[in-house]
$ cat protein_2.pdb   # PDB, C-alpha atoms and all ligand atoms
ATOM      1  CA  MET A 204      14.003  -4.418   4.041  1.00  0.00           C
ATOM      2  CA  ALA A 205      15.210  -6.797   6.689  1.00  0.00           C
ATOM      3  CA  ASP A 206      18.724  -5.463   7.212  1.00  0.00           C
ATOM      4  CA  GLN A 207      21.812  -7.570   7.716  1.00  0.00           C
ATOM      5  CA  ALA A 208      21.018  -7.932  11.405  1.00  0.00           C
ATOM      6  CA  GLY A 209      17.588  -9.249  10.394  1.00  0.00           C
ATOM      7  CA  THR A 210      15.689  -6.320  11.842  1.00  0.00           C
ATOM      8  CA  PHE A 211      12.545  -4.945  10.255  1.00  0.00           C
ATOM      9  CA  PRO A 212      12.893  -1.495   8.616  1.00  0.00           C
ATOM     10  CA  THR A 213      10.507   0.508  10.784  1.00  0.00           C
ATOM     11  CA  ILE A 214       9.906   3.960   9.296  1.00  0.00           C
ATOM     12  CA  LEU A 215       8.823   7.008  11.288  1.00  0.00           C
ATOM     13  CA  THR A 216       7.027   9.945   9.705  1.00  0.00           C
ATOM     14  CA  GLU A 217       5.549  13.048  11.286  1.00  0.00           C
ATOM     15  CA  ARG A 218       2.263  11.328  12.218  1.00  0.00           C
ATOM     16  CA  LEU A 219       2.859   7.640  11.553  1.00  0.00           C
ATOM     17  CA  ARG A 220       4.919   4.621  12.396  1.00  0.00           C
ATOM     18  CA  LEU A 221       5.325   2.069   9.606  1.00  0.00           C
ATOM     19  CA  ARG A 222       6.202  -1.169  11.337  1.00  0.00           C
ATOM     20  CA  GLN A 223       6.004  -4.919  11.136  1.00  0.00           C
ATOM     21  CA  PHE A 224       2.524  -6.439  11.500  1.00  0.00           C
ATOM     22  CA  GLU A 225       1.696  -8.029  14.856  1.00  0.00           C
ATOM     23  CA  SER A 226      -1.221 -10.273  15.831  1.00  0.00           C
ATOM     24  CA  ARG A 227      -2.877  -7.365  17.718  1.00  0.00           C
ATOM     25  CA  ASP A 228      -3.361  -5.594  14.345  1.00  0.00           C
ATOM     26  CA  ASP A 229      -6.213  -7.905  13.349  1.00  0.00           C
ATOM     27  CA  ILE A 230      -9.016  -5.451  14.151  1.00  0.00           C
ATOM     28  CA  GLY A 231      -7.217  -2.499  12.554  1.00  0.00           C
ATOM     29  CA  LEU A 232      -6.461  -4.425   9.383  1.00  0.00           C
ATOM     30  CA  HIS A 233      -9.977  -5.854   9.275  1.00  0.00           C
ATOM     31  CA  ALA A 234     -11.354  -2.285   9.212  1.00  0.00           C
ATOM     32  CA  CYS A 235      -9.560  -2.113   5.853  1.00  0.00           C
ATOM     33  CA  LEU A 236      -9.671  -5.602   4.324  1.00  0.00           C
ATOM     34  CA  GLY A 237     -13.193  -6.245   5.627  1.00  0.00           C
ATOM     35  CA  ASP A 238     -14.636  -3.076   4.081  1.00  0.00           C
ATOM     36  CA  ASP A 239     -16.351  -3.948   0.767  1.00  0.00           C
ATOM     37  CA  LYS A 240     -16.321  -0.343  -0.401  1.00  0.00           C
ATOM     38  CA  LEU A 241     -12.581   0.064   0.212  1.00  0.00           C
ATOM     39  CA  MET A 242     -11.840  -3.292  -1.405  1.00  0.00           C
ATOM     40  CA  ARG A 243     -13.910  -2.801  -4.543  1.00  0.00           C
ATOM     41  CA  TYR A 244     -10.819  -1.920  -6.623  1.00  0.00           C
ATOM     42  CA  TRP A 245      -8.464  -4.396  -4.948  1.00  0.00           C
ATOM     43  CA  ASP A 246      -7.218  -7.545  -6.634  1.00  0.00           C
ATOM     44  CA  PHE A 247      -9.028  -9.845  -4.199  1.00  0.00           C
ATOM     45  CA  THR A 248     -12.416  -9.650  -2.514  1.00  0.00           C
ATOM     46  CA  ALA A 249     -12.981  -8.207   0.969  1.00  0.00           C
ATOM     47  CA  CYS A 250     -12.385 -10.513   3.937  1.00  0.00           C
ATOM     48  CA  ASP A 251     -15.748 -11.844   5.159  1.00  0.00           C
ATOM     49  CA  SER A 252     -14.557 -12.581   8.676  1.00  0.00           C
ATOM     50  CA  ILE A 253     -11.967 -11.470  11.208  1.00  0.00           C
ATOM     51  CA  GLN A 254     -10.535 -15.011  10.954  1.00  0.00           C
ATOM     52  CA  GLU A 255      -9.775 -14.415   7.291  1.00  0.00           C
ATOM     53  CA  THR A 256      -8.073 -11.105   8.129  1.00  0.00           C
ATOM     54  CA  ARG A 257      -6.088 -12.827  10.914  1.00  0.00           C
ATOM     55  CA  ARG A 258      -4.722 -15.195   8.308  1.00  0.00           C
ATOM     56  CA  TRP A 259      -3.516 -12.148   6.351  1.00  0.00           C
ATOM     57  CA  VAL A 260      -1.958 -10.640   9.465  1.00  0.00           C
ATOM     58  CA  ARG A 261       0.010 -13.859   9.994  1.00  0.00           C
ATOM     59  CA  ILE A 262       1.165 -13.856   6.370  1.00  0.00           C
ATOM     60  CA  LEU A 263       2.051 -10.155   6.355  1.00  0.00           C
ATOM     61  CA  ALA A 264       3.865 -10.341   9.703  1.00  0.00           C
ATOM     62  CA  LYS A 265       6.183 -12.996   8.297  1.00  0.00           C
ATOM     63  CA  THR A 266       7.094 -11.051   5.186  1.00  0.00           C
ATOM     64  CA  THR A 267      10.516  -9.935   6.296  1.00  0.00           C
ATOM     65  CA  SER A 268      12.452 -10.783   3.162  1.00  0.00           C
ATOM     66  CA  PRO A 269      13.754  -7.671   1.448  1.00  0.00           C
ATOM     67  CA  TYR A 270      13.797  -9.395  -1.876  1.00  0.00           C
ATOM     68  CA  GLU A 271      10.356  -9.768  -3.398  1.00  0.00           C
ATOM     69  CA  ALA A 272       7.765  -8.321  -1.081  1.00  0.00           C
ATOM     70  CA  LEU A 273       7.356  -6.498   2.206  1.00  0.00           C
ATOM     71  CA  ALA A 274       4.340  -5.096   4.049  1.00  0.00           C
ATOM     72  CA  TRP A 275       4.222  -2.465   6.761  1.00  0.00           C
ATOM     73  CA  ALA A 276       1.392  -1.874   9.207  1.00  0.00           C
ATOM     74  CA  VAL A 277       0.590   1.837   9.065  1.00  0.00           C
ATOM     75  CA  ALA A 278       0.162   2.833  12.714  1.00  0.00           C
ATOM     76  CA  ASP A 279      -0.821   6.088  14.348  1.00  0.00           C
ATOM     77  CA  ARG A 280       2.427   7.378  15.818  1.00  0.00           C
ATOM     78  CA  LYS A 281       0.848   8.372  19.144  1.00  0.00           C
ATOM     79  CA  THR A 282      -1.228   5.260  19.890  1.00  0.00           C
ATOM     80  CA  ASP A 283       0.459   2.647  17.661  1.00  0.00           C
ATOM     81  CA  GLU A 284      -3.028   1.606  16.446  1.00  0.00           C
ATOM     82  CA  CYS A 285      -2.942  -0.027  13.007  1.00  0.00           C
ATOM     83  CA  ILE A 286      -4.942   2.105  10.586  1.00  0.00           C
ATOM     84  CA  GLY A 287      -3.770   0.694   7.281  1.00  0.00           C
ATOM     85  CA  MET A 288      -1.090  -1.006   5.269  1.00  0.00           C
ATOM     86  CA  VAL A 289       1.546  -0.154   2.677  1.00  0.00           C
ATOM     87  CA  ASN A 290       3.474  -2.790   0.782  1.00  0.00           C
ATOM     88  CA  TYR A 291       5.674  -3.521  -2.162  1.00  0.00           C
ATOM     89  CA  HIS A 292       5.595  -6.726  -4.149  1.00  0.00           C
ATOM     90  CA  HIS A 293       6.802  -8.202  -7.439  1.00  0.00           C
ATOM     91  CA  ARG A 294      10.206  -6.713  -6.753  1.00  0.00           C
ATOM     92  CA  GLU A 295      12.833  -7.573  -9.340  1.00  0.00           C
ATOM     93  CA  ALA A 296      16.078  -6.421  -7.762  1.00  0.00           C
ATOM     94  CA  ARG A 297      18.088  -7.064 -10.921  1.00  0.00           C
ATOM     95  CA  ASN A 298      15.837  -4.737 -12.901  1.00  0.00           C
ATOM     96  CA  HIS A 299      15.523  -2.211 -10.053  1.00  0.00           C
ATOM     97  CA  ARG A 300      11.749  -2.362 -10.139  1.00  0.00           C
ATOM     98  CA  LEU A 301       8.811  -3.163  -7.886  1.00  0.00           C
ATOM     99  CA  GLU A 302       5.085  -2.512  -7.479  1.00  0.00           C
ATOM    100  CA  ILE A 303       3.362  -0.844  -4.536  1.00  0.00           C
ATOM    101  CA  GLY A 304       0.014  -1.207  -2.770  1.00  0.00           C
ATOM    102  CA  TYR A 305      -1.739   0.660   0.044  1.00  0.00           C
ATOM    103  CA  ILE A 306      -4.996   0.803   1.955  1.00  0.00           C
ATOM    104  CA  LEU A 307      -6.236   3.029   4.775  1.00  0.00           C
ATOM    105  CA  ASN A 308      -9.162   2.656   7.199  1.00  0.00           C
ATOM    106  CA  ALA A 309     -11.910   4.945   5.815  1.00  0.00           C
ATOM    107  CA  GLU A 310     -12.193   6.774   9.146  1.00  0.00           C
ATOM    108  CA  TRP A 311      -8.710   8.176   8.540  1.00  0.00           C
ATOM    109  CA  HIS A 312      -9.140   9.327   4.938  1.00  0.00           C
ATOM    110  CA  GLY A 313      -8.805  12.915   3.757  1.00  0.00           C
ATOM    111  CA  ARG A 314      -5.932  13.924   6.062  1.00  0.00           C
ATOM    112  CA  GLY A 315      -2.970  13.209   3.810  1.00  0.00           C
ATOM    113  CA  LEU A 316      -1.980  10.227   5.956  1.00  0.00           C
ATOM    114  CA  MET A 317      -1.604   7.752   3.126  1.00  0.00           C
ATOM    115  CA  GLY A 318       0.305  10.360   1.148  1.00  0.00           C
ATOM    116  CA  GLU A 319       2.697  10.548   4.105  1.00  0.00           C
ATOM    117  CA  ALA A 320       2.979   6.751   4.424  1.00  0.00           C
ATOM    118  CA  ALA A 321       3.340   6.074   0.706  1.00  0.00           C
ATOM    119  CA  GLN A 322       5.951   8.824   0.302  1.00  0.00           C
ATOM    120  CA  ALA A 323       7.975   7.301   3.137  1.00  0.00           C
ATOM    121  CA  MET A 324       7.776   3.821   1.594  1.00  0.00           C
ATOM    122  CA  LEU A 325       8.691   5.246  -1.824  1.00  0.00           C
ATOM    123  CA  SER A 326      11.780   6.955  -0.364  1.00  0.00           C
ATOM    124  CA  HIS A 327      12.752   3.704   1.346  1.00  0.00           C
ATOM    125  CA  CYS A 328      12.420   1.801  -1.944  1.00  0.00           C
ATOM    126  CA  VAL A 329      14.485   4.354  -3.856  1.00  0.00           C
ATOM    127  CA  ASP A 330      17.146   5.074  -1.227  1.00  0.00           C
ATOM    128  CA  ASN A 331      17.592   1.676   0.412  1.00  0.00           C
ATOM    129  CA  LEU A 332      16.451  -0.825  -2.230  1.00  0.00           C
ATOM    130  CA  ARG A 333      17.828   1.222  -5.151  1.00  0.00           C
ATOM    131  CA  ALA A 334      14.521   0.889  -7.015  1.00  0.00           C
ATOM    132  CA  ARG A 335      14.396   2.889 -10.220  1.00  0.00           C
ATOM    133  CA  ARG A 336      10.957   2.014 -11.613  1.00  0.00           C
ATOM    134  CA  ILE A 337       8.015   1.819  -9.203  1.00  0.00           C
ATOM    135  CA  THR A 338       4.579   0.909 -10.495  1.00  0.00           C
ATOM    136  CA  ALA A 339       1.020   1.017  -9.232  1.00  0.00           C
ATOM    137  CA  ILE A 340      -1.808  -0.789 -10.998  1.00  0.00           C
ATOM    138  CA  ILE A 341      -5.018   1.125 -10.458  1.00  0.00           C
ATOM    139  CA  HIS A 342      -8.614   0.746 -11.564  1.00  0.00           C
ATOM    140  CA  PRO A 343      -9.611   3.778 -13.677  1.00  0.00           C
ATOM    141  CA  ASP A 344     -12.554   4.545 -11.335  1.00  0.00           C
ATOM    142  CA  ASN A 345     -10.327   4.576  -8.234  1.00  0.00           C
ATOM    143  CA  THR A 346     -10.015   8.364  -8.126  1.00  0.00           C
ATOM    144  CA  PRO A 347      -8.525   8.683  -4.583  1.00  0.00           C
ATOM    145  CA  SER A 348      -5.765   6.248  -5.509  1.00  0.00           C
ATOM    146  CA  ILE A 349      -5.040   8.004  -8.801  1.00  0.00           C
ATOM    147  CA  LYS A 350      -4.886  11.362  -6.995  1.00  0.00           C
ATOM    148  CA  LEU A 351      -2.535   9.886  -4.427  1.00  0.00           C
ATOM    149  CA  VAL A 352       0.012   8.497  -6.897  1.00  0.00           C
ATOM    150  CA  THR A 353      -0.190  11.600  -9.080  1.00  0.00           C
ATOM    151  CA  ARG A 354       0.743  13.729  -6.051  1.00  0.00           C
ATOM    152  CA  LEU A 355       3.697  11.377  -5.495  1.00  0.00           C
ATOM    153  CA  GLY A 356       4.935  11.971  -9.043  1.00  0.00           C
ATOM    154  CA  PHE A 357       3.590   8.894 -10.824  1.00  0.00           C
ATOM    155  CA  GLU A 358       2.386   9.138 -14.408  1.00  0.00           C
ATOM    156  CA  CYS A 359      -0.100   7.002 -16.269  1.00  0.00           C
ATOM    157  CA  GLU A 360       1.877   5.130 -18.851  1.00  0.00           C
ATOM    158  CA  GLY A 361      -0.681   2.745 -20.257  1.00  0.00           C
ATOM    159  CA  GLY A 362      -3.762   0.657 -20.060  1.00  0.00           C
ATOM    160  CA  PRO A 363      -6.313  -0.550 -19.677  1.00  0.00           C
ATOM    161  CA  LEU A 364      -4.524  -3.826 -18.948  1.00  0.00           C
ATOM    162  CA  ARG A 365      -7.326  -5.939 -20.319  1.00  0.00           C
ATOM    163  CA  ASP A 366      -8.842  -8.505 -17.914  1.00  0.00           C
ATOM    164  CA  TYR A 367      -5.746  -8.218 -15.722  1.00  0.00           C
ATOM    165  CA  TRP A 368      -7.498  -9.058 -12.429  1.00  0.00           C
ATOM    166  CA  HIS A 369     -10.044 -11.821 -11.871  1.00  0.00           C
ATOM    167  CA  VAL A 370     -11.931 -10.951  -8.689  1.00  0.00           C
ATOM    168  CA  GLY A 371     -15.157 -12.478  -7.421  1.00  0.00           C
ATOM    169  CA  GLY A 372     -15.864 -14.066 -10.792  1.00  0.00           C
ATOM    170  CA  LYS A 373     -15.364 -10.836 -12.749  1.00  0.00           C
ATOM    171  CA  TYR A 374     -12.477  -9.462 -14.756  1.00  0.00           C
ATOM    172  CA  MET A 375     -11.146  -5.952 -14.195  1.00  0.00           C
ATOM    173  CA  SER A 376      -8.987  -3.893 -16.516  1.00  0.00           C
ATOM    174  CA  PRO A 377      -6.794  -1.455 -14.538  1.00  0.00           C
ATOM    175  CA  MET A 378      -4.357   1.244 -15.665  1.00  0.00           C
ATOM    176  CA  LEU A 379      -0.588   1.209 -15.234  1.00  0.00           C
ATOM    177  CA  TYR A 380       1.064   4.083 -13.338  1.00  0.00           C
ATOM    178  CA  SER A 381       4.798   4.457 -12.867  1.00  0.00           C
ATOM    179  CA  PHE A 382       7.356   6.553 -11.057  1.00  0.00           C
ATOM    180  CA  ILE A 383      10.940   6.749 -12.268  1.00  0.00           C
ATOM    181  CA  ALA A 384      13.337   7.644  -9.485  1.00  0.00           C
ATOM    182  CA  PRO A 385      15.641  10.511 -10.363  1.00  0.00           C
ATOM    183  CA  ARG A 386      19.320   9.610 -10.056  1.00  0.00           C
TER     184      ARG A 386
HETATM  185  C1  LIG B   1      -6.256   5.291  -1.828  1.00  0.00           C
HETATM  186  C2  LIG B   1      -6.499   5.796  -0.411  1.00  0.00           C
HETATM  187  C3  LIG B   1      -5.432   5.253   0.524  1.00  0.00           C
HETATM  188  C4  LIG B   1      -6.452   7.322  -0.410  1.00  0.00           C
HETATM  189  O1  LIG B   1      -6.756   7.822   0.887  1.00  0.00           O
HETATM  190  P1  LIG B   1      -6.705   9.411   1.145  1.00  0.00           P
HETATM  191  O2  LIG B   1      -6.892   9.666   2.572  1.00  0.00           O
HETATM  192  O3  LIG B   1      -7.599  10.096   0.160  1.00  0.00           O
HETATM  193  O4  LIG B   1      -5.215   9.729   0.693  1.00  0.00           O
HETATM  194  P2  LIG B   1      -4.195  10.861   1.067  1.00  0.00           P
HETATM  195  O5  LIG B   1      -3.448  10.471   2.274  1.00  0.00           O
HETATM  196  O6  LIG B   1      -3.403  11.105  -0.164  1.00  0.00           O
HETATM  197  O7  LIG B   1      -5.081  12.120   1.446  1.00  0.00           O
HETATM  198  C5  LIG B   1      -5.392  13.049   0.466  1.00  0.00           C
HETATM  199  C6  LIG B   1      -6.560  13.897   0.886  1.00  0.00           C
HETATM  200  O8  LIG B   1      -6.329  14.453   2.196  1.00  0.00           O
HETATM  201  C7  LIG B   1      -6.423  15.893   2.122  1.00  0.00           C
HETATM  202  N1  LIG B   1      -5.537  16.421   3.164  1.00  0.00           N
HETATM  203  C8  LIG B   1      -5.992  16.938   4.345  1.00  0.00           C
HETATM  204  N2  LIG B   1      -4.955  17.258   5.119  1.00  0.00           N
HETATM  205  C9  LIG B   1      -3.823  16.979   4.416  1.00  0.00           C
HETATM  206  C10 LIG B   1      -2.442  17.096   4.693  1.00  0.00           C
HETATM  207  N3  LIG B   1      -1.995  17.562   5.873  1.00  0.00           N
HETATM  208  N4  LIG B   1      -1.545  16.716   3.758  1.00  0.00           N
HETATM  209  C11 LIG B   1      -1.972  16.231   2.582  1.00  0.00           C
HETATM  210  N5  LIG B   1      -3.284  16.091   2.251  1.00  0.00           N
HETATM  211  C12 LIG B   1      -4.198  16.442   3.179  1.00  0.00           C
HETATM  212  C13 LIG B   1      -6.056  16.196   0.704  1.00  0.00           C
HETATM  213  O9  LIG B   1      -6.549  17.455   0.288  1.00  0.00           O
HETATM  214  C14 LIG B   1      -6.739  15.061  -0.038  1.00  0.00           C
HETATM  215  O10 LIG B   1      -8.123  15.300  -0.138  1.00  0.00           O
HETATM  216  P3  LIG B   1      -8.864  15.205  -1.582  1.00  0.00           P
HETATM  217  O11 LIG B   1      -8.649  13.795  -2.081  1.00  0.00           O
HETATM  218  O12 LIG B   1     -10.268  15.512  -1.240  1.00  0.00           O
HETATM  219  O13 LIG B   1      -8.191  16.182  -2.461  1.00  0.00           O
HETATM  220  C15 LIG B   1      -7.898   5.338   0.112  1.00  0.00           C
HETATM  221  O14 LIG B   1      -8.887   5.833  -0.741  1.00  0.00           O
HETATM  222  C16 LIG B   1      -8.029   3.825   0.211  1.00  0.00           C
HETATM  223  O15 LIG B   1      -7.630   3.199   1.193  1.00  0.00           O
HETATM  224  N6  LIG B   1      -8.649   3.198  -0.811  1.00  0.00           N
HETATM  225  C17 LIG B   1      -8.911   1.773  -0.812  1.00  0.00           C
HETATM  226  C18 LIG B   1      -7.711   0.941  -1.113  1.00  0.00           C
HETATM  227  C19 LIG B   1      -7.227   1.160  -2.513  1.00  0.00           C
HETATM  228  O16 LIG B   1      -8.007   1.309  -3.431  1.00  0.00           O
HETATM  229  N7  LIG B   1      -5.894   1.126  -2.653  1.00  0.00           N
HETATM  230  C20 LIG B   1      -5.246   1.327  -3.922  1.00  0.00           C
HETATM  231  C21 LIG B   1      -5.236   0.126  -4.741  1.00  0.00           C
HETATM  232  S1  LIG B   1      -4.535   0.528  -6.325  1.00  0.00           S
END
$ encode --input "protein_2.pdb" --output "structure tokens"
Amino acid sequence: MADQAGTFPTILTERLRLRQFESRDDIGLHACLGDDKLMRYWDFTACDSIQETRRWVRILAKTTSPYEALAWAVADRKTDECIGMVNYHHREARNHRLEIGYILNAEWHGRGLMGEAAQAMLSHCVDNLRARRITAIIHPDNTPSIKLVTRLGFECEGGPLRDYWHVGGKYMSPMLYSFIAPR
């Protein structure tokens, strides 16, 4: 959330710094968005070129409104290298709900880093944005993502959402996961 002073809500965790995107994050983000294997369950196709990823960096860096969407660069806390992204989008403040997304450079998988980043974003959404219902829309074959949200306390509440995504000329039918914040 951009606070009243207009500052970006940087979040520190044990191993990570979640911060605003900067132009120097192009290579780090491209290791994610340019990886066909990582992007196979995403709702758009992988970026073919660094130029395409740079366009995303510019868009994501500007997303400072707390209202509908916000993206954080997930950076290694020691080096500040961008190794991934977490974001929320489709926020409806009136209904206290939003949807989350996340991606991590494959070289950094299997260390609980995205669990750490996503938990920190989730806490921010619950504590600072007063979100009650948080959703994640996940392809049924995306086992690492399903494991991740399950560890965070999400439950599968429905699906498949038939032909919900149209990506690269094909339809995909993901499942709906949700987390209800305890109050
Ligand atoms: C989804 C994604 C971020 C998961 O990455 P990940 O590294 O497996 O996620 P986590 O941070 O939760 O790490 C969990 C793994 O680290 C292991 N781990 C090692 N050290 C750990 C620690 N200190 N703490 C927690 N877990 C640790 C866990 O055992 C687990 O391994 P397992 O899956 O073999 O059981 C990754 O697969 C990805 O970027 N996918 C592509 C993008 C995508 O599909 N996004 C979701 C769209 S819906």
$ atom_distance --input "protein_2.pdb" --atom1 "atom CA of A:Ala321" --atom2 "atom CA of A:Ala234"
18.9 Å
$ resolve_selection --input "protein_2.pdb" --expression "the PyMOL selection byres (((chain A and resi 250-265) around 12) and not hetatm)" --output "ChimeraX atom specification"
/A:205,211,222-243,245,247-249,266-269,272-276,285,287-292,371
$ closest_atom_pairs --input "protein_2.pdb" --of "chain A" --to "ligand LIG 1 (chain B)" --cutoff "6 Å" --atoms "all atoms listed in the file" --output "CSV"
residue,atom,partner,partner_atom,distance
A:Leu241,CA,B:LIG1,C17,4.2
A:Met242,CA,B:LIG1,C17,5.9
A:Tyr244,CA,B:LIG1,O16,5.3
A:Trp245,CA,B:LIG1,C21,5.6
A:Gly304,CA,B:LIG1,C21,5.8
A:Tyr305,CA,B:LIG1,N7,5.0
A:Ile306,CA,B:LIG1,O15,3.6
A:Leu307,CA,B:LIG1,O15,3.8
A:His312,CA,B:LIG1,O2,3.3
A:Gly313,CA,B:LIG1,O8,3.3
A:Arg314,CA,B:LIG1,C8,3.5
A:Gly315,CA,B:LIG1,O5,3.2
A:Leu316,CA,B:LIG1,O5,4.0
A:Met317,CA,B:LIG1,O5,3.4
A:Gly318,CA,B:LIG1,O5,3.9
A:Ile340,CA,B:LIG1,S1,5.6
A:Ile341,CA,B:LIG1,S1,4.2
A:Pro347,CA,B:LIG1,O14,4.8
A:Ser348,CA,B:LIG1,C1,3.8
A:Leu351,CA,B:LIG1,O6,4.5
$ resolve_selection --input "protein_2.pdb" --expression "the PyMOL selection byres (((chain A and resi 339) around 10) and not hetatm)" --output "PDB file with C-alpha atoms, keeping the file's coordinate frame"
ATOM      1  CA  TYR A 291       5.674  -3.521  -2.162  1.00  0.00           C
ATOM      2  CA  LEU A 301       8.811  -3.163  -7.886  1.00  0.00           C
ATOM      3  CA  GLU A 302       5.085  -2.512  -7.479  1.00  0.00           C
ATOM      4  CA  ILE A 303       3.362  -0.844  -4.536  1.00  0.00           C
ATOM      5  CA  GLY A 304       0.014  -1.207  -2.770  1.00  0.00           C
ATOM      6  CA  TYR A 305      -1.739   0.660   0.044  1.00  0.00           C
ATOM      7  CA  ILE A 337       8.015   1.819  -9.203  1.00  0.00           C
ATOM      8  CA  THR A 338       4.579   0.909 -10.495  1.00  0.00           C
ATOM      9  CA  ILE A 340      -1.808  -0.789 -10.998  1.00  0.00           C
ATOM     10  CA  ILE A 341      -5.018   1.125 -10.458  1.00  0.00           C
ATOM     11  CA  HIS A 342      -8.614   0.746 -11.564  1.00  0.00           C
ATOM     12  CA  SER A 348      -5.765   6.248  -5.509  1.00  0.00           C
ATOM     13  CA  ILE A 349      -5.040   8.004  -8.801  1.00  0.00           C
ATOM     14  CA  VAL A 352       0.012   8.497  -6.897  1.00  0.00           C
ATOM     15  CA  PHE A 357       3.590   8.894 -10.824  1.00  0.00           C
ATOM     16  CA  GLU A 358       2.386   9.138 -14.408  1.00  0.00           C
ATOM     17  CA  CYS A 359      -0.100   7.002 -16.269  1.00  0.00           C
ATOM     18  CA  PRO A 377      -6.794  -1.455 -14.538  1.00  0.00           C
ATOM     19  CA  MET A 378      -4.357   1.244 -15.665  1.00  0.00           C
ATOM     20  CA  LEU A 379      -0.588   1.209 -15.234  1.00  0.00           C
ATOM     21  CA  TYR A 380       1.064   4.083 -13.338  1.00  0.00           C
ATOM     22  CA  SER A 381       4.798   4.457 -12.867  1.00  0.00           C
ATOM     23  CA  PHE A 382       7.356   6.553 -11.057  1.00  0.00           C
TER      24      PHE A 382
END
$ closest_residue --input "protein_2.pdb" --among "A:Ala323, A:Leu355, A:Ala384, A:Val370" --to "A:Arg336" --atoms "only C-alpha atoms"
A:Ala384
$ atom_distance --input "protein_2.pdb" --atom1 "atom CA of A:Glu319" --atom2 "atom CA of A:Thr282"
17.1 Å
$ atom_distance --input "protein_2.pdb" --atom1 "atom CA of A:Ser376" --atom2 "atom CA of A:Asp344"
10.5 Å
$ residues_near_point --input "protein_2.pdb" --point "(14.5, 8.1, -11.1)" --cutoff "12 Å" --atoms "all atoms listed in the file" --output "PyMOL selection string"
chain A and resi 299-300+325-326+328-330+333-337+356-357+381-386
$ axis_aligned_box --input "protein_2.pdb" --around "stretch 344-362 of chain A" --padding-each-side "6 Å" --output "AutoDock Vina command-line options"
--center_x -3.8 --center_y 7.2 --center_z -12.3 --size_x 29.5 --size_y 25.1 --size_z 27.8
$ closest_residue --input "protein_2.pdb" --among "A:Gln322, A:Tyr367, A:Pro212, A:Tyr270" --to "A:Glu295" --atoms "all atoms listed in the file"
A:Tyr270
$ closest_residue --input "protein_2.pdb" --among "A:Ala320, A:Met375, A:Ala296, A:Ala309" --to "A:Arg218" --atoms "only C-alpha atoms"
A:Ala320
$ resolve_selection --input "protein_2.pdb" --expression "the PyMOL selection byres (((chain A and resi 220) around 8) and not hetatm)" --output "tab-separated table (two decimals) with C-alpha atoms, keeping the file's coordinate frame"
chain	number	residue	atom	x	y	z
A	213	THR	CA	10.51	0.51	10.78
A	214	ILE	CA	9.91	3.96	9.30
A	215	LEU	CA	8.82	7.01	11.29
A	216	THR	CA	7.03	9.94	9.70
A	218	ARG	CA	2.26	11.33	12.22
A	219	LEU	CA	2.86	7.64	11.55
A	221	LEU	CA	5.32	2.07	9.61
A	222	ARG	CA	6.20	-1.17	11.34
A	277	VAL	CA	0.59	1.84	9.06
A	278	ALA	CA	0.16	2.83	12.71
A	279	ASP	CA	-0.82	6.09	14.35
A	280	ARG	CA	2.43	7.38	15.82
A	283	ASP	CA	0.46	2.65	17.66
